[in-house]
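Asker: Dropping in final-v3.pdb, which is PDB, C-alpha atoms and all ligand atoms:
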```
ATOM      1  CA  MET A 155       0.000   0.000   0.000  1.00  0.00           C
ATOM      2  CA  LEU A 156       1.485   3.324  -1.123  1.00  0.00           C
ATOM      3  CA  ARG A 157       0.997   5.961   1.557  1.00  0.00           C
ATOM      4  CA  VAL A 158       0.533   9.385  -0.027  1.00  0.00           C
ATOM      5  CA  ALA A 159       0.574  12.824   1.579  1.00  0.00           C
ATOM      6  CA  VAL A 160      -0.908  15.574  -0.593  1.00  0.00           C
ATOM      7  CA  CYS A 161       0.088  19.243  -0.149  1.00  0.00           C
ATOM      8  CA  VAL A 162      -2.407  21.851  -1.331  1.00  0.00           C
ATOM      9  CA  SER A 163      -3.113  25.577  -1.184  1.00  0.00           C
ATOM     10  CA  GLY A 164      -6.355  26.235  -3.017  1.00  0.00           C
ATOM     11  CA  GLY A 165      -9.349  24.686  -4.692  1.00  0.00           C
ATOM     12  CA  GLY A 166      -8.028  21.161  -4.679  1.00  0.00           C
ATOM     13  CA  THR A 167      -9.325  19.963  -8.032  1.00  0.00           C
ATOM     14  CA  ASN A 168      -6.130  17.973  -8.519  1.00  0.00           C
ATOM     15  CA  LEU A 169      -6.600  16.471  -5.057  1.00  0.00           C
ATOM     16  CA  GLN A 170     -10.154  15.564  -6.083  1.00  0.00           C
ATOM     17  CA  ALA A 171      -8.861  13.877  -9.243  1.00  0.00           C
ATOM     18  CA  ILE A 172      -6.575  11.724  -7.069  1.00  0.00           C
ATOM     19  CA  ILE A 173      -9.360  10.905  -4.594  1.00  0.00           C
ATOM     20  CA  ASP A 174     -11.664   9.932  -7.482  1.00  0.00           C
ATOM     21  CA  ALA A 175      -8.995   7.824  -9.185  1.00  0.00           C
ATOM     22  CA  ILE A 176      -8.383   5.895  -5.978  1.00  0.00           C
ATOM     23  CA  GLY A 177     -12.142   5.496  -5.494  1.00  0.00           C
ATOM     24  CA  SER A 178     -12.690   4.161  -8.996  1.00  0.00           C
ATOM     25  CA  GLY A 179      -9.710   1.801  -8.861  1.00  0.00           C
ATOM     26  CA  VAL A 180      -7.697   3.668 -11.523  1.00  0.00           C
ATOM     27  CA  ILE A 181      -5.019   4.068  -8.829  1.00  0.00           C
ATOM     28  CA  ARG A 182      -4.578   0.822  -6.931  1.00  0.00           C
ATOM     29  CA  ASP A 183      -2.979  -0.040  -3.578  1.00  0.00           C
ATOM     30  CA  THR A 184      -2.786   3.605  -2.594  1.00  0.00           C
ATOM     31  CA  LYS A 185      -4.082   5.562   0.374  1.00  0.00           C
ATOM     32  CA  ILE A 186      -4.027   9.327   0.975  1.00  0.00           C
ATOM     33  CA  VAL A 187      -2.909   9.442   4.593  1.00  0.00           C
ATOM     34  CA  ARG A 188      -2.909  13.213   5.081  1.00  0.00           C
ATOM     35  CA  VAL A 189      -3.722  16.424   3.233  1.00  0.00           C
ATOM     36  CA  ILE A 190      -1.619  19.407   4.273  1.00  0.00           C
ATOM     37  CA  SER A 191      -2.588  22.967   3.396  1.00  0.00           C
ATOM     38  CA  ASN A 192      -0.704  26.188   4.068  1.00  0.00           C
ATOM     39  CA  ASN A 193      -4.051  27.965   3.900  1.00  0.00           C
ATOM     40  CA  LYS A 194      -6.750  27.134   6.446  1.00  0.00           C
ATOM     41  CA  ASN A 195      -9.498  28.351   4.086  1.00  0.00           C
ATOM     42  CA  ALA A 196      -8.442  26.174   1.162  1.00  0.00           C
ATOM     43  CA  TYR A 197     -11.442  24.361  -0.299  1.00  0.00           C
ATOM     44  CA  ALA A 198      -9.091  21.415  -0.717  1.00  0.00           C
ATOM     45  CA  LEU A 199      -9.402  20.837   3.059  1.00  0.00           C
ATOM     46  CA  THR A 200     -13.178  20.544   2.674  1.00  0.00           C
ATOM     47  CA  ARG A 201     -12.667  18.028  -0.116  1.00  0.00           C
ATOM     48  CA  ALA A 202     -10.346  16.024   2.159  1.00  0.00           C
ATOM     49  CA  GLU A 203     -12.876  16.060   4.995  1.00  0.00           C
ATOM     50  CA  SER A 204     -15.682  14.931   2.662  1.00  0.00           C
ATOM     51  CA  ALA A 205     -13.526  12.012   1.591  1.00  0.00           C
ATOM     52  CA  GLY A 206     -12.726  11.061   5.187  1.00  0.00           C
ATOM     53  CA  ILE A 207      -9.084  12.079   4.886  1.00  0.00           C
ATOM     54  CA  GLU A 208      -7.262  13.873   7.664  1.00  0.00           C
ATOM     55  CA  GLY A 209      -6.619  17.517   6.734  1.00  0.00           C
ATOM     56  CA  VAL A 210      -4.027  19.632   8.525  1.00  0.00           C
ATOM     57  CA  CYS A 211      -3.176  23.312   8.116  1.00  0.00           C
ATOM     58  CA  VAL A 212       0.465  24.318   8.510  1.00  0.00           C
ATOM     59  CA  SER A 213       0.671  28.036   7.747  1.00  0.00           C
ATOM     60  CA  PRO A 214       3.763  30.261   7.715  1.00  0.00           C
ATOM     61  CA  ARG A 215       1.561  32.871   9.417  1.00  0.00           C
ATOM     62  CA  ASP A 216       1.437  30.765  12.565  1.00  0.00           C
ATOM     63  CA  TYR A 217       5.237  30.724  12.989  1.00  0.00           C
ATOM     64  CA  GLU A 218       7.606  33.505  13.978  1.00  0.00           C
ATOM     65  CA  THR A 219      10.256  32.572  11.437  1.00  0.00           C
ATOM     66  CA  ARG A 220      10.415  30.718   8.141  1.00  0.00           C
ATOM     67  CA  GLU A 221      12.748  28.170   9.758  1.00  0.00           C
ATOM     68  CA  LEU A 222      10.142  27.307  12.390  1.00  0.00           C
ATOM     69  CA  PHE A 223       7.504  26.898   9.666  1.00  0.00           C
ATOM     70  CA  ASN A 224       9.863  24.680   7.645  1.00  0.00           C
ATOM     71  CA  GLU A 225      10.464  22.479  10.692  1.00  0.00           C
ATOM     72  CA  ALA A 226       6.724  22.266  11.384  1.00  0.00           C
ATOM     73  CA  LEU A 227       6.004  21.271   7.784  1.00  0.00           C
ATOM     74  CA  LEU A 228       8.710  18.599   7.906  1.00  0.00           C
ATOM     75  CA  ALA A 229       7.357  17.282  11.223  1.00  0.00           C
ATOM     76  CA  CYS A 230       3.803  17.204   9.857  1.00  0.00           C
ATOM     77  CA  LEU A 231       4.947  15.227   6.828  1.00  0.00           C
ATOM     78  CA  GLU A 232       7.132  12.836   8.813  1.00  0.00           C
ATOM     79  CA  GLU A 233       4.274  12.112  11.201  1.00  0.00           C
ATOM     80  CA  ALA A 234       2.168  10.917   8.253  1.00  0.00           C
ATOM     81  CA  LYS A 235       4.915   8.449   7.216  1.00  0.00           C
ATOM     82  CA  PRO A 236       4.327   8.904   3.491  1.00  0.00           C
ATOM     83  CA  ASP A 237       5.982   6.847   0.771  1.00  0.00           C
ATOM     84  CA  LEU A 238       5.163   9.658  -1.651  1.00  0.00           C
ATOM     85  CA  ILE A 239       4.449  13.372  -1.278  1.00  0.00           C
ATOM     86  CA  VAL A 240       2.303  14.953  -3.992  1.00  0.00           C
ATOM     87  CA  LEU A 241       2.367  18.722  -4.438  1.00  0.00           C
ATOM     88  CA  ALA A 242      -1.042  19.413  -5.965  1.00  0.00           C
ATOM     89  CA  GLY A 243      -1.209  23.168  -6.415  1.00  0.00           C
ATOM     90  CA  PHE A 244       1.006  23.805  -3.370  1.00  0.00           C
ATOM     91  CA  MET A 245       2.032  27.467  -3.521  1.00  0.00           C
ATOM     92  CA  VAL A 246       4.822  27.239  -0.949  1.00  0.00           C
ATOM     93  CA  ALA A 247       8.511  26.808  -1.813  1.00  0.00           C
ATOM     94  CA  VAL A 248       9.327  23.355  -0.484  1.00  0.00           C
ATOM     95  CA  PRO A 249      12.056  23.745   2.137  1.00  0.00           C
ATOM     96  CA  ALA A 250      15.426  22.057   1.591  1.00  0.00           C
ATOM     97  CA  CYS A 251      14.977  19.975   4.761  1.00  0.00           C
ATOM     98  CA  VAL A 252      11.835  18.380   3.250  1.00  0.00           C
ATOM     99  CA  ILE A 253      13.494  17.736  -0.129  1.00  0.00           C
ATOM    100  CA  ASP A 254      16.491  16.221   1.609  1.00  0.00           C
ATOM    101  CA  ARG A 255      14.395  13.974   3.855  1.00  0.00           C
ATOM    102  CA  PHE A 256      12.113  12.742   1.037  1.00  0.00           C
ATOM    103  CA  ARG A 257      14.490  12.854  -1.941  1.00  0.00           C
ATOM    104  CA  GLY A 258      13.057  11.123  -5.012  1.00  0.00           C
ATOM    105  CA  ARG A 259       9.694  10.753  -3.282  1.00  0.00           C
ATOM    106  CA  ILE A 260       8.132  14.157  -3.982  1.00  0.00           C
ATOM    107  CA  ILE A 261       6.249  14.939  -7.198  1.00  0.00           C
ATOM    108  CA  ASN A 262       4.745  18.204  -8.396  1.00  0.00           C
ATOM    109  CA  ILE A 263       2.227  19.139 -11.090  1.00  0.00           C
ATOM    110  CA  HIS A 264       3.172  22.187 -13.158  1.00  0.00           C
ATOM    111  CA  PRO A 265       0.629  23.662 -15.603  1.00  0.00           C
ATOM    112  CA  ALA A 266       2.963  23.959 -18.618  1.00  0.00           C
ATOM    113  CA  LEU A 267       5.354  21.807 -20.620  1.00  0.00           C
ATOM    114  CA  ILE A 268       8.641  22.066 -18.703  1.00  0.00           C
ATOM    115  CA  PRO A 269      11.213  23.485 -19.568  1.00  0.00           C
ATOM    116  CA  SER A 270       8.894  26.094 -21.130  1.00  0.00           C
ATOM    117  CA  PHE A 271       6.962  28.549 -18.985  1.00  0.00           C
ATOM    118  CA  CYS A 272       8.401  27.470 -15.645  1.00  0.00           C
ATOM    119  CA  GLY A 273      10.647  28.766 -12.871  1.00  0.00           C
ATOM    120  CA  LYS A 274      10.430  31.946 -10.836  1.00  0.00           C
ATOM    121  CA  GLY A 275       7.156  33.825 -11.290  1.00  0.00           C
ATOM    122  CA  TYR A 276       5.515  31.001 -13.244  1.00  0.00           C
ATOM    123  CA  TYR A 277       2.733  29.903 -10.940  1.00  0.00           C
ATOM    124  CA  GLY A 278      -1.053  29.827 -11.036  1.00  0.00           C
ATOM    125  CA  LEU A 279      -2.701  31.990 -13.661  1.00  0.00           C
ATOM    126  CA  HIS A 280       0.608  33.742 -14.516  1.00  0.00           C
ATOM    127  CA  VAL A 281       1.761  30.646 -16.393  1.00  0.00           C
ATOM    128  CA  HIS A 282      -1.196  30.833 -18.760  1.00  0.00           C
ATOM    129  CA  GLU A 283      -0.880  34.620 -19.127  1.00  0.00           C
ATOM    130  CA  LYS A 284       2.731  34.158 -20.290  1.00  0.00           C
ATOM    131  CA  VAL A 285       1.750  31.391 -22.717  1.00  0.00           C
ATOM    132  CA  LEU A 286      -0.830  33.697 -24.312  1.00  0.00           C
ATOM    133  CA  GLU A 287       1.544  36.702 -24.308  1.00  0.00           C
ATOM    134  CA  ARG A 288       4.124  34.633 -26.184  1.00  0.00           C
ATOM    135  CA  GLY A 289       1.565  33.368 -28.658  1.00  0.00           C
ATOM    136  CA  ALA A 290       2.429  29.717 -28.045  1.00  0.00           C
ATOM    137  CA  LYS A 291       0.083  27.347 -29.859  1.00  0.00           C
ATOM    138  CA  VAL A 292       0.612  24.355 -27.583  1.00  0.00           C
ATOM    139  CA  THR A 293       0.943  24.193 -23.810  1.00  0.00           C
ATOM    140  CA  GLY A 294       0.128  21.439 -21.351  1.00  0.00           C
ATOM    141  CA  ALA A 295       1.118  20.055 -17.974  1.00  0.00           C
ATOM    142  CA  THR A 296       4.098  18.258 -16.466  1.00  0.00           C
ATOM    143  CA  VAL A 297       4.463  15.933 -13.490  1.00  0.00           C
ATOM    144  CA  HIS A 298       8.041  15.988 -12.256  1.00  0.00           C
ATOM    145  CA  PHE A 299      10.055  14.924  -9.259  1.00  0.00           C
ATOM    146  CA  VAL A 300      11.078  17.756  -6.989  1.00  0.00           C
ATOM    147  CA  ASP A 301      14.675  18.755  -6.377  1.00  0.00           C
ATOM    148  CA  GLU A 302      16.282  21.908  -4.940  1.00  0.00           C
ATOM    149  CA  ASP A 303      15.710  23.939  -8.124  1.00  0.00           C
ATOM    150  CA  LEU A 304      12.281  25.270  -9.029  1.00  0.00           C
ATOM    151  CA  ASP A 305      10.373  23.181 -11.618  1.00  0.00           C
ATOM    152  CA  HIS A 306      13.600  21.329 -12.381  1.00  0.00           C
ATOM    153  CA  GLY A 307      13.619  17.681 -11.187  1.00  0.00           C
ATOM    154  CA  PRO A 308      13.212  14.582 -13.388  1.00  0.00           C
ATOM    155  CA  ILE A 309      10.166  14.757 -15.673  1.00  0.00           C
ATOM    156  CA  LEU A 310       7.773  11.862 -15.166  1.00  0.00           C
ATOM    157  CA  LEU A 311       4.768  12.621 -17.406  1.00  0.00           C
ATOM    158  CA  GLN A 312       3.708  15.376 -19.791  1.00  0.00           C
ATOM    159  CA  LYS A 313       0.578  16.015 -21.802  1.00  0.00           C
ATOM    160  CA  ALA A 314       0.092  18.661 -24.485  1.00  0.00           C
ATOM    161  CA  VAL A 315      -2.979  20.892 -24.761  1.00  0.00           C
ATOM    162  CA  ASP A 316      -3.865  23.172 -27.669  1.00  0.00           C
ATOM    163  CA  VAL A 317      -4.043  26.922 -27.195  1.00  0.00           C
ATOM    164  CA  LYS A 318      -7.099  28.243 -29.036  1.00  0.00           C
ATOM    165  CA  GLU A 319      -7.927  31.576 -30.639  1.00  0.00           C
ATOM    166  CA  GLY A 320      -9.737  33.790 -28.139  1.00  0.00           C
ATOM    167  CA  ASP A 321      -8.413  31.982 -25.054  1.00  0.00           C
ATOM    168  CA  THR A 322      -8.195  33.968 -21.838  1.00  0.00           C
ATOM    169  CA  PRO A 323      -5.791  32.866 -19.075  1.00  0.00           C
ATOM    170  CA  GLN A 324      -8.804  31.500 -17.175  1.00  0.00           C
ATOM    171  CA  ILE A 325     -10.160  29.523 -20.129  1.00  0.00           C
ATOM    172  CA  LEU A 326      -6.716  28.109 -20.891  1.00  0.00           C
ATOM    173  CA  GLN A 327      -6.100  27.219 -17.234  1.00  0.00           C
ATOM    174  CA  ARG A 328      -9.351  25.283 -17.147  1.00  0.00           C
ATOM    175  CA  ARG A 329      -8.538  23.404 -20.387  1.00  0.00           C
ATOM    176  CA  VAL A 330      -5.045  22.511 -19.120  1.00  0.00           C
ATOM    177  CA  MET A 331      -6.570  21.154 -15.918  1.00  0.00           C
ATOM    178  CA  GLU A 332      -9.319  19.156 -17.640  1.00  0.00           C
ATOM    179  CA  GLU A 333      -7.259  17.792 -20.524  1.00  0.00           C
ATOM    180  CA  ALA A 334      -3.910  17.331 -18.783  1.00  0.00           C
ATOM    181  CA  GLU A 335      -3.477  17.884 -15.037  1.00  0.00           C
ATOM    182  CA  TRP A 336      -6.398  15.784 -13.810  1.00  0.00           C
ATOM    183  CA  ILE A 337      -5.252  12.943 -16.058  1.00  0.00           C
ATOM    184  CA  ILE A 338      -1.486  12.835 -15.646  1.00  0.00           C
ATOM    185  CA  LEU A 339      -1.304  13.449 -11.895  1.00  0.00           C
ATOM    186  CA  PRO A 340      -3.392  10.355 -10.982  1.00  0.00           C
ATOM    187  CA  LYS A 341      -1.543   8.435 -13.717  1.00  0.00           C
ATOM    188  CA  ALA A 342       1.832   9.374 -12.207  1.00  0.00           C
ATOM    189  CA  ILE A 343       0.749   8.179  -8.766  1.00  0.00           C
ATOM    190  CA  SER A 344      -0.551   4.961 -10.278  1.00  0.00           C
ATOM    191  CA  LEU A 345       2.781   4.293 -12.047  1.00  0.00           C
ATOM    192  CA  ILE A 346       4.689   4.900  -8.818  1.00  0.00           C
ATOM    193  CA  ALA A 347       2.286   2.689  -6.838  1.00  0.00           C
ATOM    194  CA  GLU A 348       2.883  -0.094  -9.355  1.00  0.00           C
ATOM    195  CA  GLY A 349       6.648   0.266  -8.872  1.00  0.00           C
ATOM    196  CA  ARG A 350       7.199   1.093 -12.551  1.00  0.00           C
ATOM    197  CA  VAL A 351       9.173   4.317 -12.150  1.00  0.00           C
ATOM    198  CA  THR A 352      12.940   4.614 -11.757  1.00  0.00           C
ATOM    199  CA  ILE A 353      15.330   7.564 -11.944  1.00  0.00           C
ATOM    200  CA  ASP A 354      18.746   6.956 -13.470  1.00  0.00           C
ATOM    201  CA  ASP A 355      22.127   8.511 -12.620  1.00  0.00           C
ATOM    202  CA  ASN A 356      21.533  11.303 -15.148  1.00  0.00           C
ATOM    203  CA  ALA A 357      18.318  12.302 -13.356  1.00  0.00           C
ATOM    204  CA  ILE A 358      16.138  10.910 -16.134  1.00  0.00           C
ATOM    205  CA  ALA A 359      12.916   9.197 -15.061  1.00  0.00           C
ATOM    206  CA  HIS A 360      12.077   5.919 -16.795  1.00  0.00           C
ATOM    207  CA  ILE A 361       8.730   4.136 -16.910  1.00  0.00           C
ATOM    208  CA  ARG A 362       8.725   0.353 -17.230  1.00  0.00           C
ATOM    209  CA  GLU A 363       6.081  -1.100 -19.546  1.00  0.00           C
ATOM    210  CA  SER A 364       3.536  -3.088 -17.525  1.00  0.00           C
TER     211      SER A 364
HETATM  212  C1  LIG B 401      -3.120  23.866 -10.828  1.00  0.00           C
HETATM  213  O1  LIG B 401      -3.168  24.548 -12.041  1.00  0.00           O
HETATM  214  C2  LIG B 401      -1.708  23.453 -10.566  1.00  0.00           C
HETATM  215  O2  LIG B 401      -1.036  22.980 -11.663  1.00  0.00           O
HETATM  216  C3  LIG B 401      -1.165  24.767 -10.122  1.00  0.00           C
HETATM  217  O3  LIG B 401      -2.150  25.269  -9.251  1.00  0.00           O
HETATM  218  C4  LIG B 401      -3.407  24.793  -9.668  1.00  0.00           C
HETATM  219  C5  LIG B 401      -4.052  24.098  -8.509  1.00  0.00           C
HETATM  220  O4  LIG B 401      -5.380  23.830  -8.711  1.00  0.00           O
HETATM  221  N1  LIG B 401       0.161  24.695  -9.652  1.00  0.00           N
HETATM  222  P1  LIG B 401      -6.192  22.930  -7.664  1.00  0.00           P
HETATM  223  O5  LIG B 401      -5.977  23.494  -6.285  1.00  0.00           O
HETATM  224  O6  LIG B 401      -5.698  21.509  -7.787  1.00  0.00           O
HETATM  225  O7  LIG B 401      -7.623  23.063  -8.099  1.00  0.00           O
END
```
Output the file's structure as structure tokens, nothing else.

Answerer:
Amino acid sequence: MLRVAVCVSGGGTNLQAIIDAIGSGVIRDTKIVRVISNNKNAYALTRAESAGIEGVCVSPRDYETRELFNEALLACLEEAKPDLIVLAGFMVAVPACVIDRFRGRIINIHPALIPSFCGKGYYGLHVHEKVLERGAKVTGATVHFVDEDLDHGPILLQKAVDVKEGDTPQILQRRVMEEAEWIILPKAISLIAEGRVTIDDNAIAHIRES
């Protein structure tokens, strides 16, 4: 049984996609053991509660220093004893102590095709604004392992999505979620649960055929 901790900040539609995929058997032998939000008002926490999953808020606002918050986040994750940590719209920079402790066991969903439209400043709606500003005709989403550099670790899955004439950032964000994020994030967890993913010495992720 793969024990998964999911970190969230907002609406939690990616969390919902994971919950649904576990419920329908698309992801097997997997349990979400804890949902952690940096924002106590995140609707994702309501989704967790409705699914009978423990939800915990660990907010930087509740700690005097960033270091104390980082330690609290690490402690909250360690307590859940996860095999895998999934960042599903988590708007907090993951502290080095967490990356170090769970190296190779943290994945993130980014709403663009890495290495395009990623890195500093590329989060949330901004990603889609930049795609439209540049006039790109294809975008998409990427699931990657997390290392010390932003949006940089080994790429696990990607899915392309067309940009259409007349798109607004909001319309494009929704299409990227529906056509890519909600599909490849559950798929990535499923591949990891089935033990089919390895990372080689060159930091390339490989997926074994089933
Ligand atoms: C998604 O677009 C994700 O890729 C991005 O933040 C959004 C989170 O949406 N990093 P939700 O909270 O899963 O609905």

Asker: Counting all atoms listed in the file, what residues are within 6 Å of ligand LIG 401 (chain B), given as a list in words?

Answerer: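 The neighbouring residues of ligand LIG 401 (chain B) are, in order, Gly164, Gly165, Gly166, Thr167, Asn168, Leu169, Ala242, Gly243, Ile263, His264, Pro265, Tyr277 and Gly278 of chain A.
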
Asker: In terms of the shortest atom-to-atom distance over only C-alpha atoms, which of A:His282, A:Arg157, A:Lys194, A:Lys341 is closest to Arg329 in chain A?

Answerer: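 Among the listed residues, the smallest separation from Arg329 in chain A belongs to A:His282.
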
Asker: Under the rule that only C-alpha atoms are counted, which of A:Leu227, A:Val292, A:Ile239, A:Ala198 is the nearest residue to Ile346 in chain A?

Answerer: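 That would be A:Ile239, the residue with the smallest distance to Ile346 in chain A.
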
Asker: Could you check which of A:Gly294, A:Pro323, A:Asn192, A:Val300 is closest to Arg215 in chain A, using only C-alpha atoms?

Answerer: A:Asn192

Asker: Expand the PyMOL selection byres (((chain A and resi 297) around 6) and not hetatm) into the explicit residue set it covers here, and present it as a count of residues only.

Answerer: 6

Asker: Which of these, A:Phe271, A:Ala234, A:Pro340, A:Ser191, has the shortest distance to Ser178 in chain A once you count all atoms listed in the file?

Answerer: A:Pro340

Asker: Rounded to one decimal, what separation in Å do you get between CA of Ala226 in chain A and CA of Ile253 in chain A?

Answerer: 14.1 Å

Asker: Give the answer as one residue: which of A:Arg259, A:Pro236, A:Val158, A:Leu339 has the shortest atom-to-atom distance to Ile353 in chain A, using only C-alpha atoms?

Answerer: A:Arg259

Asker: Evaluate the PyMOL selection byres (((chain A and resi 347) around 8) and not hetatm) on the structure here and hand back the selected residues as a ChimeraX atom specification.

Answerer: /A:155-156,181-184,343-346,348-350

Asker: Taking every listed atom of range 228-245 of chain A and adding 6 Å to each side, what centre and edge lengths in Å (one decimal) does the axis-aligned box have, as JSON?

Answerer:
```
{"center_x": 3.8, "center_y": 17.2, "center_z": 2.4, "size_x": 21.9, "size_y": 32.6, "size_z": 29.6}
```

Asker: Enter the distance from CA of Cys251 in chain A to CA of Glu302 in chain A, in Å, rounded to one decimal.

Answerer: 10.0 Å

Asker: Please determine the residues with any atom at most 12 Å from (12.1, 24.1, 9.4) (coordinates as given in the file, with all atoms listed in the file counting) and report them as a list in words.

Answerer: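 So the residues meeting the distance criterion are Val212, Pro214, Tyr217, Glu218, Thr219, Arg220, Glu221, Leu222, Phe223, Asn224, Glu225, Ala226, Leu227, Leu228, Ala229, Cys230, Leu231, Val248, Pro249, Ala250, Cys251, Val252, Ile253, Asp254 and Arg255 of chain A.
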
Asker: Kindly indicate which residue among A:Val246, A:Ala175, A:Ala314, A:Cys272 lies nearest to Ala342 in chain A, using all atoms listed in the file for the distances.

Answerer: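 Nearest candidate to Ala342 in chain A out of A:Val246, A:Ala175, A:Ala314, A:Cys272: A:Ala175.
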
Asker: Apply the PyMOL selection byres (((chain A and resi 307) around 10) and not hetatm) to the displayed file and report the matching residues as a ChimeraX atom specification.

Answerer: /A:258,260-262,297-306,308-310,357-359

Asker: Between CA of Leu267 in chain A and CA of Ser213 in chain A, measure the distance and give it in Å to one decimal.

Answerer: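 We find that CA of Leu267 in chain A and CA of Ser213 in chain A lie 29.4 Å from each other.
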
Asker: Name all residues at most 12 Å from Gly206 in chain A (count only C-alpha atoms; drop same-chain ones fewer than 6 positions away) and give them as a ChimeraX atom specification.

Answerer: /A:173,185-189,199-200

Asker: Can you spit out the residues from that selection as a PDB file, in the coordinates of the input, using C-alpha atoms?

Answerer:
```pdb
ATOM      1  CA  ILE A 173      -9.360  10.905  -4.594  1.00  0.00           C
ATOM      2  CA  LYS A 185      -4.082   5.562   0.374  1.00  0.00           C
ATOM      3  CA  ILE A 186      -4.027   9.327   0.975  1.00  0.00           C
ATOM      4  CA  VAL A 187      -2.909   9.442   4.593  1.00  0.00           C
ATOM      5  CA  ARG A 188      -2.909  13.213   5.081  1.00  0.00           C
ATOM      6  CA  VAL A 189      -3.722  16.424   3.233  1.00  0.00           C
ATOM      7  CA  LEU A 199      -9.402  20.837   3.059  1.00  0.00           C
ATOM      8  CA  THR A 200     -13.178  20.544   2.674  1.00  0.00           C
TER       9      THR A 200
END
```
